[in-house]
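Below is upload-v7.cif, which holds mmCIF, C-alpha atoms.
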data_input
loop_
_atom_site.group_PDB
_atom_site.id
_atom_site.type_symbol
_atom_site.label_atom_id
_atom_site.label_comp_id
_atom_site.auth_asym_id
_atom_site.auth_seq_id
_atom_site.Cartn_x
_atom_site.Cartn_y
_atom_site.Cartn_z
ATOM 1 C CA MET A 26 138.786 147.876 41.451
ATOM 2 C CA LYS A 27 138.867 145.573 38.429
ATOM 3 C CA GLN A 28 135.574 143.771 38.019
ATOM 4 C CA THR A 29 135.854 140.038 37.324
ATOM 5 C CA ALA A 30 133.809 136.941 38.072
ATOM 6 C CA ASN A 31 136.084 136.360 41.071
ATOM 7 C CA ILE A 32 135.049 139.561 42.853
ATOM 8 C CA LYS A 33 132.955 138.797 45.924
ATOM 9 C CA SER A 34 131.625 140.925 48.746
ATOM 10 C CA LEU A 35 132.514 139.713 52.224
ATOM 11 C CA THR A 36 128.885 139.011 53.043
ATOM 12 C CA GLU A 37 128.766 136.521 50.123
ATOM 13 C CA ILE A 38 131.580 134.383 51.489
ATOM 14 C CA ALA A 39 131.586 134.936 55.257
ATOM 15 C CA ASP A 40 129.581 135.637 58.387
ATOM 16 C CA LEU A 41 130.471 138.876 60.141
ATOM 17 C CA ARG A 42 129.828 139.933 63.718
ATOM 18 C CA SER A 43 131.369 142.171 66.342
ATOM 19 C CA GLY A 44 133.598 140.908 69.110
ATOM 20 C CA PHE A 45 132.510 140.690 72.733
ATOM 21 C CA THR A 46 131.799 143.908 74.623
ATOM 22 C CA PHE A 47 133.477 143.740 78.019
ATOM 23 C CA ARG A 48 132.085 145.741 80.897
ATOM 24 C CA GLY A 49 134.953 147.745 82.313
ATOM 25 C CA LYS A 50 138.667 147.121 81.959
ATOM 26 C CA ILE A 51 139.855 143.710 80.794
ATOM 27 C CA GLU A 52 141.811 142.130 83.636
ATOM 28 C CA GLU A 53 144.579 139.850 82.379
ATOM 29 C CA VAL A 54 145.617 136.986 84.686
ATOM 30 C CA ALA A 55 148.211 134.235 84.576
ATOM 31 C CA ASP A 56 145.869 131.342 85.420
ATOM 32 C CA GLY A 57 142.758 132.204 83.408
ATOM 33 C CA ASN A 58 140.344 129.849 81.691
ATOM 34 C CA ALA A 59 140.302 131.652 78.325
ATOM 35 C CA HIS A 60 142.560 133.717 76.091
ATOM 36 C CA VAL A 61 141.595 137.273 75.163
ATOM 37 C CA VAL A 62 142.677 139.168 72.072
ATOM 38 C CA GLN A 63 142.744 142.944 71.708
ATOM 39 C CA ILE A 64 144.210 145.167 68.996
ATOM 40 C CA LYS A 65 147.323 145.792 71.074
ATOM 41 C CA ASP A 66 147.960 142.033 71.232
ATOM 42 C CA VAL A 67 147.558 141.556 67.486
ATOM 43 C CA ARG A 68 149.742 144.538 66.683
ATOM 44 C CA GLN A 69 152.513 143.437 69.045
ATOM 45 C CA LEU A 70 152.562 139.843 67.791
ATOM 46 C CA GLN A 71 152.456 140.912 64.142
ATOM 47 C CA ASP A 72 155.442 143.202 64.751
ATOM 48 C CA GLU A 73 157.385 140.588 66.717
ATOM 49 C CA LYS A 74 156.750 137.591 64.477
ATOM 50 C CA GLY A 75 156.316 139.288 61.122
ATOM 51 C CA SER A 76 153.241 137.181 60.443
ATOM 52 C CA ASP A 77 149.469 137.612 60.445
ATOM 53 C CA LEU A 78 148.951 134.073 61.796
ATOM 54 C CA ILE A 79 148.767 134.319 65.595
ATOM 55 C CA CYS A 80 148.967 131.348 67.964
ATOM 56 C CA SER A 81 146.345 131.381 70.698
ATOM 57 C CA GLY A 82 148.973 130.349 73.245
ATOM 58 C CA ASP A 83 150.746 133.684 72.748
ATOM 59 C CA LEU A 84 147.681 135.631 73.904
ATOM 60 C CA PRO A 85 147.024 136.771 77.484
ATOM 61 C CA CYS A 86 144.479 134.997 79.701
ATOM 62 C CA ILE A 87 141.387 136.132 81.587
ATOM 63 C CA HIS A 88 138.818 134.621 83.935
ATOM 64 C CA TRP A 89 135.903 134.020 81.548
ATOM 65 C CA GLU A 90 132.392 133.678 82.975
ATOM 66 C CA GLY A 91 130.398 134.376 79.828
ATOM 67 C CA LYS A 92 128.759 132.083 77.288
ATOM 68 C CA ASP A 93 130.704 130.002 74.807
ATOM 69 C CA ASN A 94 128.974 131.633 71.824
ATOM 70 C CA ALA A 95 131.449 134.500 72.225
ATOM 71 C CA TRP A 96 134.389 132.193 71.512
ATOM 72 C CA ILE A 97 136.258 132.519 68.242
ATOM 73 C CA ALA A 98 135.491 129.722 65.798
ATOM 74 C CA PRO A 99 138.377 128.033 63.936
ATOM 75 C CA GLY A 100 139.243 129.934 60.768
ATOM 76 C CA THR A 101 137.911 133.285 61.974
ATOM 77 C CA VAL A 102 139.645 136.385 60.650
ATOM 78 C CA LEU A 103 140.006 139.302 63.074
ATOM 79 C CA LEU A 104 139.635 142.715 61.429
ATOM 80 C CA PRO A 105 140.380 145.671 63.757
ATOM 81 C CA SER A 106 137.490 148.116 63.623
ATOM 82 C CA ARG A 107 138.781 151.243 65.345
ATOM 83 C CA GLY A 108 141.768 153.421 66.036
ATOM 84 C CA GLY A 109 143.319 153.582 62.589
ATOM 85 C CA TYR A 110 145.010 150.150 62.669
ATOM 86 C CA PHE A 111 143.233 147.749 60.312
ATOM 87 C CA ARG A 112 145.710 144.918 59.704
ATOM 88 C CA SER A 113 143.781 141.676 60.052
ATOM 89 C CA ALA A 114 144.971 138.401 61.558
ATOM 90 C CA VAL A 115 143.967 134.762 61.869
ATOM 91 C CA VAL A 116 144.257 133.114 65.288
ATOM 92 C CA SER A 117 145.477 129.523 65.204
ATOM 93 C CA LEU A 118 143.535 127.672 67.895
ATOM 94 C CA ASP A 119 145.303 124.943 69.867
ATOM 95 C CA ASN A 120 142.900 122.006 70.140
ATOM 96 C CA ALA A 121 144.270 121.194 73.594
ATOM 97 C CA GLY A 122 144.342 124.819 74.690
ATOM 98 C CA LEU A 123 141.917 127.402 76.024
ATOM 99 C CA PRO A 124 139.122 129.101 74.071
ATOM 100 C CA VAL A 125 139.701 132.606 72.699
ATOM 101 C CA VAL A 126 137.457 135.643 73.121
ATOM 102 C CA ALA A 127 137.964 138.717 70.922
ATOM 103 C CA SER A 128 137.075 142.151 72.212
ATOM 104 C CA SER A 129 134.604 144.456 70.475
ATOM 105 C CA GLN A 130 137.606 146.202 68.903
ATOM 106 C CA PHE A 131 137.312 143.575 66.151
ATOM 107 C CA ILE A 132 134.942 142.531 63.424
ATOM 108 C CA LEU A 133 134.968 138.715 63.368
ATOM 109 C CA ILE A 134 134.880 137.294 59.839
ATOM 110 C CA THR A 135 134.200 133.570 59.560
ATOM 111 C CA PRO A 136 134.259 132.131 56.012
ATOM 112 C CA THR A 137 131.086 130.283 55.063
ATOM 113 C CA SER A 138 132.414 129.005 51.739
ATOM 114 C CA SER A 139 134.858 126.139 51.290
ATOM 115 C CA LEU A 140 136.189 128.067 48.289
ATOM 116 C CA VAL A 141 138.080 130.606 50.408
ATOM 117 C CA ILE A 142 140.958 129.943 52.818
ATOM 118 C CA PRO A 143 140.865 132.062 56.009
ATOM 119 C CA GLU A 144 144.562 132.960 55.710
ATOM 120 C CA PHE A 145 143.975 134.084 52.118
ATOM 121 C CA LEU A 146 141.022 136.189 53.231
ATOM 122 C CA SER A 147 143.252 137.887 55.798
ATOM 123 C CA TRP A 148 145.996 138.352 53.197
ATOM 124 C CA SER A 149 143.470 140.012 50.866
ATOM 125 C CA LEU A 150 142.355 142.438 53.570
ATOM 126 C CA ASN A 151 145.986 143.309 54.305
ATOM 127 C CA ARG A 152 146.963 144.185 50.747
ATOM 128 C CA PRO A 153 148.231 147.796 50.592
ATOM 129 C CA ARG A 154 145.412 149.014 48.365
ATOM 130 C CA MET A 155 142.753 147.520 50.642
ATOM 131 C CA GLN A 156 144.457 148.906 53.752
ATOM 132 C CA ARG A 157 144.439 152.400 52.241
ATOM 133 C CA TYR A 158 140.760 151.999 51.374
ATOM 134 C CA LEU A 159 139.900 150.839 54.897
ATOM 135 C CA GLY A 160 141.671 153.877 56.313
ATOM 136 C CA GLU A 161 139.706 156.170 54.015
ATOM 137 C CA ILE A 162 136.242 154.791 54.728
ATOM 138 C CA ALA A 163 136.925 154.494 58.465
ATOM 139 C CA SER A 164 137.793 158.185 58.692
ATOM 140 C CA GLN A 165 134.589 159.416 57.095
ATOM 141 C CA GLY A 166 132.277 161.253 59.474
ATOM 142 C CA SER A 167 134.161 160.504 62.679
ATOM 143 C CA SER A 168 137.094 161.980 64.569
ATOM 144 C CA ILE A 169 138.080 158.435 65.593
ATOM 145 C CA PRO A 170 138.569 156.076 62.622
ATOM 146 C CA MET A 171 135.996 153.278 62.881
ATOM 147 C CA LEU A 172 134.734 150.464 60.682
ATOM 148 C CA SER A 173 131.199 149.174 61.071
ATOM 149 C CA THR A 174 130.157 145.602 60.443
ATOM 150 C CA ALA A 175 127.681 146.835 57.832
ATOM 151 C CA THR A 176 130.462 148.600 55.939
ATOM 152 C CA ALA A 177 132.773 145.593 56.168
ATOM 153 C CA LYS A 178 130.085 143.332 54.681
ATOM 154 C CA GLU A 179 130.191 145.339 51.448
ATOM 155 C CA LEU A 180 133.967 145.137 50.980
ATOM 156 C CA LYS A 181 134.848 143.627 47.608
ATOM 157 C CA LEU A 182 137.653 141.068 47.362
ATOM 158 C CA GLU A 183 139.080 139.082 44.484
ATOM 159 C CA ILE A 184 138.766 135.387 45.343
ATOM 160 C CA PRO A 185 140.655 133.150 42.865
ATOM 161 C CA GLY A 186 140.600 129.357 42.815
ATOM 162 C CA LEU A 187 141.966 127.371 45.757
ATOM 163 C CA GLU A 188 145.151 126.422 43.916
ATOM 164 C CA THR A 189 145.973 130.081 43.312
ATOM 165 C CA GLN A 190 145.151 130.927 46.933
ATOM 166 C CA HIS A 191 147.576 128.244 48.150
ATOM 167 C CA ARG A 192 150.299 129.469 45.794
ATOM 168 C CA ILE A 193 149.888 133.047 47.009
ATOM 169 C CA LEU A 194 150.037 131.935 50.643
ATOM 170 C CA ARG A 195 153.189 129.884 50.019
ATOM 171 C CA LEU A 196 154.881 132.883 48.408
ATOM 172 C CA ASN A 197 153.729 135.135 51.222
ATOM 173 C CA LYS A 198 155.146 132.684 53.786
ATOM 174 C CA LEU A 199 158.521 132.808 52.062
ATOM 175 C CA TRP A 200 158.363 136.598 52.105
ATOM 176 C CA GLU A 201 157.570 136.612 55.824
ATOM 177 C CA GLN A 202 160.491 134.269 56.516
ATOM 178 C CA GLU A 203 162.811 136.491 54.486
ATOM 179 C CA GLN A 204 161.724 139.517 56.507
ATOM 180 C CA GLN A 205 162.305 137.630 59.763
ATOM 181 C CA LEU A 206 165.833 136.674 58.672
ATOM 182 C CA THR A 207 166.566 140.249 57.644
ATOM 183 C CA ARG A 208 165.407 141.590 61.012
ATOM 184 C CA ALA A 209 167.532 138.990 62.837
ATOM 185 C CA LEU A 210 170.605 139.903 60.761
ATOM 186 C CA LEU A 211 170.091 143.599 61.434
ATOM 187 C CA LYS A 212 169.699 142.947 65.150
ATOM 188 C CA ASN A 213 172.910 140.918 65.253
ATOM 189 C CA ARG A 214 174.698 143.589 63.236
ATOM 190 C CA GLU A 215 173.525 146.273 65.660
ATOM 191 C CA ALA A 216 174.759 144.256 68.657
ATOM 192 C CA MET A 217 178.153 143.765 66.984
ATOM 193 C CA LEU A 218 178.480 147.464 66.183
ATOM 194 C CA GLN A 219 177.515 148.489 69.699
ATOM 195 C CA GLY A 220 180.292 146.234 70.986
ATOM 196 C CA MET A 221 182.777 147.818 68.602
ATOM 197 C CA PHE A 222 181.680 151.299 69.630
ATOM 198 C CA GLN A 223 182.196 150.428 73.300
ATOM 199 C CA GLN A 224 185.657 149.014 72.573
ATOM 200 C CA LEU A 225 186.661 152.232 70.836
ATOM 201 C CA LEU A 226 185.365 154.299 73.741
ATOM 202 C CA ASN A 227 187.225 152.119 76.243
ATOM 203 C CA ARG A 228 190.505 152.727 74.424
ATOM 204 C CA GLU A 229 190.108 156.443 75.050
ATOM 205 C CA GLU A 230 189.802 155.991 78.809
#
When written as structure tokens, how does the structure in this file appear?
Amino acid sequence: MKQTANIKSLTEIADLRSGFTFRGKIEEVADGNAHVVQIKDVRQLQDEKGSDLICSGDLPCIHWEGKDNAWIAPGTVLLPSRGGYFRSAVVSLDNAGLPVVASSQFILITPTSSLVIPEFLSWSLNRPRMQRYLGEIASQGSSIPMLSTATAKELKLEIPGLETQHRILRLNKLWEQEQQLTRALLKNREAMLQGMFQQLLNREE
């Protein structure tokens, strides 16, 4: 990776810790007092919405009886740590909503510097080159790909000035919106074609 003055290790710009370790299966309920986030939730919402910014209200609920120090702080980046899926996300917390608890499937990365935007940090971790690197280091010495917090702390990221970060995020937002429109057009096209196919079949009856 190109070495510049902007290159920082994660431990220089953020606090890192593991998510909460649940005892037994996580039981999702409709009337819980907290939201829970697992890799399957992040992956599903990223696929559905085409964005790495996840709203807490879209997450399932649980009955939480633990301490509040397990809750996700605003601006925390969730980096999956096992299973071969390492696309990070930022959970947008609703001030009037329920707290969010992340499972131990994640490394929680909370920026400690005002010079880095959480969404930019997530974008940096999701760049293709970084994703390939995460896959490589996670597969070393284990049959199940896993990232440790210690390894994540040493990841090197290029952190430009805030103006550049904002510009990158604006461009990325436009790209996400373009992808969403393309998916919607393809879905509508598929529905139209299926209707035409059925009409043709009906004519043969």
Using only C-alpha atoms, which residues of region 112-142 of chain A come within 12 Å of region 94-98 of chain A, and what is the closest atom pair for each, with the distance in Å to one decimal? Give it as CSV, sorted by chain and residue number.
residue,atom,partner,partner_atom,distance
A:Val115,CA,A:Ile97,CA,10.3
A:Val116,CA,A:Ile97,CA,8.5
A:Ser117,CA,A:Ala98,CA,10.0
A:Leu118,CA,A:Ala98,CA,8.6
A:Asp119,CA,A:Ala98,CA,11.6
A:Asn120,CA,A:Ala98,CA,11.5
A:Leu123,CA,A:Trp96,CA,10.0
A:Pro124,CA,A:Trp96,CA,6.2
A:Val125,CA,A:Trp96,CA,5.5
A:Val126,CA,A:Trp96,CA,4.9
A:Ala127,CA,A:Ile97,CA,7.0
A:Ser128,CA,A:Ala95,CA,9.5
A:Ser129,CA,A:Ala95,CA,10.6
A:Phe131,CA,A:Ile97,CA,11.3
A:Ile132,CA,A:Ile97,CA,11.2
A:Leu133,CA,A:Ile97,CA,8.0
A:Ile134,CA,A:Ala98,CA,9.7
A:Thr135,CA,A:Ala98,CA,7.4
A:Pro136,CA,A:Ala98,CA,10.2
A:Thr137,CA,A:Ala98,CA,11.6
For CA of Ser147 (chain A) and CA of Pro85 (chain A), determine how far apart the two atoms are, in Å to one decimal place. 22.0 Å
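The residues caught by the PyMOL selection byres ((chain A and resi 48-62) around 9) in this file are Thr46, Phe47, Gln63, Ile64, Lys65, Asp66, Val67, Ser81, Gly82, Asp83, Leu84, Pro85, Cys86, Ile87, His88, Trp89, Glu90, Gly122, Leu123, Pro124, Val125, Val126, Ala127 and Ser128 of chain A.
Considering the residues A:Pro170, A:Gly91, A:Pro143, A:Gly75 and counting only C-alpha atoms, Asn197 (chain A) has its shortest atom-to-atom contact with A:Gly75.
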Length of the CA of Thr101 (chain A) to CA of Cys80 (chain A) vector [Å]: 12.7 Å
For CA of Gly160 (chain A) and CA of Gly108 (chain A), determine how far apart the two atoms are, in Å to one decimal place. 9.7 Å
What lies within 6 Å of Ser34 (chain A) using only C-alpha atoms, ignoring chain neighbours under 3 positions off, as a compact mmCIF listing (two decimals) with C-alpha atoms, in the frame of the given file?
# COMPACT_ATOMS: atom_id res chain seq x y z
CA GLU A 37 128.77 136.52 50.12
CA GLU A 179 130.19 145.34 51.45
CA LEU A 180 133.97 145.14 50.98
CA LYS A 181 134.85 143.63 47.61
Edge lengths and centre in Å to one decimal, as lines of an AutoDock Vina configuration file, of the axis-aligned box that encloses all listed atoms of region 202-213 of chain A with 5 Å added on every side?
center_x = 166.7
center_y = 138.9
center_z = 59.9
size_x = 22.4
size_y = 19.3
size_z = 20.8
Quick one: of A:Thr174, A:Ser76, A:Phe45, A:Gln69, who's nearest to Gln204 (chain A), counting all atoms listed in the file? A:Ser76
Using the chain letters and numbers from the file, which residues does the PyMOL selection byres ((chain A and resi 190) around 10) grab, as a list in words?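 Evaluating the PyMOL selection byres ((chain A and resi 190) around 10) on this file yields Leu140, Val141, Ile142, Glu144, Phe145, Leu146, Trp148, Ile184, Pro185, Gly186, Leu187, Glu188, Thr189, His191, Arg192, Ile193, Leu194 and Arg195 of chain A.
The shortest atom-to-atom distance to Gln202 (chain A), with all atoms listed in the file taken into account, belongs to A:Lys74 out of A:Arg112, A:Lys33, A:Arg152, A:Lys74.
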Given all atoms listed in the file as the basis, pick out the residue of A:Ser167, A:Thr176, A:Gln71, A:Ser113 nearest to Glu201 (chain A). A:Gln71
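Using all atoms listed in the file, the nearest neighbour of Leu35 (chain A) within the list A:Lys178, A:Gln130, A:Ile162, A:Ser173 is A:Lys178.
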Considering only C-alpha atoms, state which residue in the set A:Leu182, A:Leu78, A:Gly109, A:Leu70 is at the smallest distance from Ile38 (chain A).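 Of A:Leu182, A:Leu78, A:Gly109, A:Leu70, the one nearest Ile38 (chain A) is A:Leu182, counting only C-alpha atoms.
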For region 211-225 of chain A, write N, CA and C atoms out as a compact mmCIF listing (two decimals), in the first residue's frame.
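Heads up, here's the output in out-v2.txt:
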# COMPACT_ATOMS: atom_id res chain seq x y z
N LEU A 211 -34.56 -3.22 -13.40
CA LEU A 211 -34.44 -4.63 -13.78
C LEU A 211 -35.59 -5.46 -13.22
N LYS A 212 -35.99 -5.15 -12.00
CA LYS A 212 -37.11 -5.87 -11.39
C LYS A 212 -38.41 -5.61 -12.15
N ASN A 213 -38.64 -4.35 -12.51
CA ASN A 213 -39.84 -4.01 -13.28
C ASN A 213 -39.80 -4.66 -14.66
N ARG A 214 -38.62 -4.68 -15.27
CA ARG A 214 -38.47 -5.30 -16.58
C ARG A 214 -38.76 -6.80 -16.50
N GLU A 215 -38.27 -7.43 -15.44
CA GLU A 215 -38.52 -8.87 -15.26
C GLU A 215 -40.01 -9.14 -15.12
N ALA A 216 -40.70 -8.31 -14.31
CA ALA A 216 -42.14 -8.50 -14.11
C ALA A 216 -42.89 -8.33 -15.44
N MET A 217 -42.49 -7.34 -16.25
CA MET A 217 -43.14 -7.12 -17.53
C MET A 217 -42.93 -8.31 -18.47
N LEU A 218 -41.69 -8.82 -18.49
CA LEU A 218 -41.39 -9.95 -19.36
C LEU A 218 -42.13 -11.21 -18.93
N GLN A 219 -42.23 -11.42 -17.62
CA GLN A 219 -42.96 -12.59 -17.14
C GLN A 219 -44.43 -12.53 -17.57
N GLY A 220 -44.99 -11.30 -17.55
CA GLY A 220 -46.36 -11.13 -18.02
C GLY A 220 -46.49 -11.43 -19.49
N MET A 221 -45.53 -10.98 -20.29
CA MET A 221 -45.54 -11.26 -21.71
C MET A 221 -45.39 -12.75 -21.99
N PHE A 222 -44.52 -13.40 -21.25
CA PHE A 222 -44.35 -14.84 -21.42
C PHE A 222 -45.66 -15.58 -21.17
N GLN A 223 -46.35 -15.17 -20.06
CA GLN A 223 -47.60 -15.83 -19.71
C GLN A 223 -48.66 -15.60 -20.78
N GLN A 224 -48.70 -14.38 -21.34
CA GLN A 224 -49.65 -14.10 -22.41
C GLN A 224 -49.42 -14.99 -23.62
N LEU A 225 -48.16 -15.19 -23.98
CA LEU A 225 -47.82 -16.04 -25.11
C LEU A 225 -48.22 -17.49 -24.84
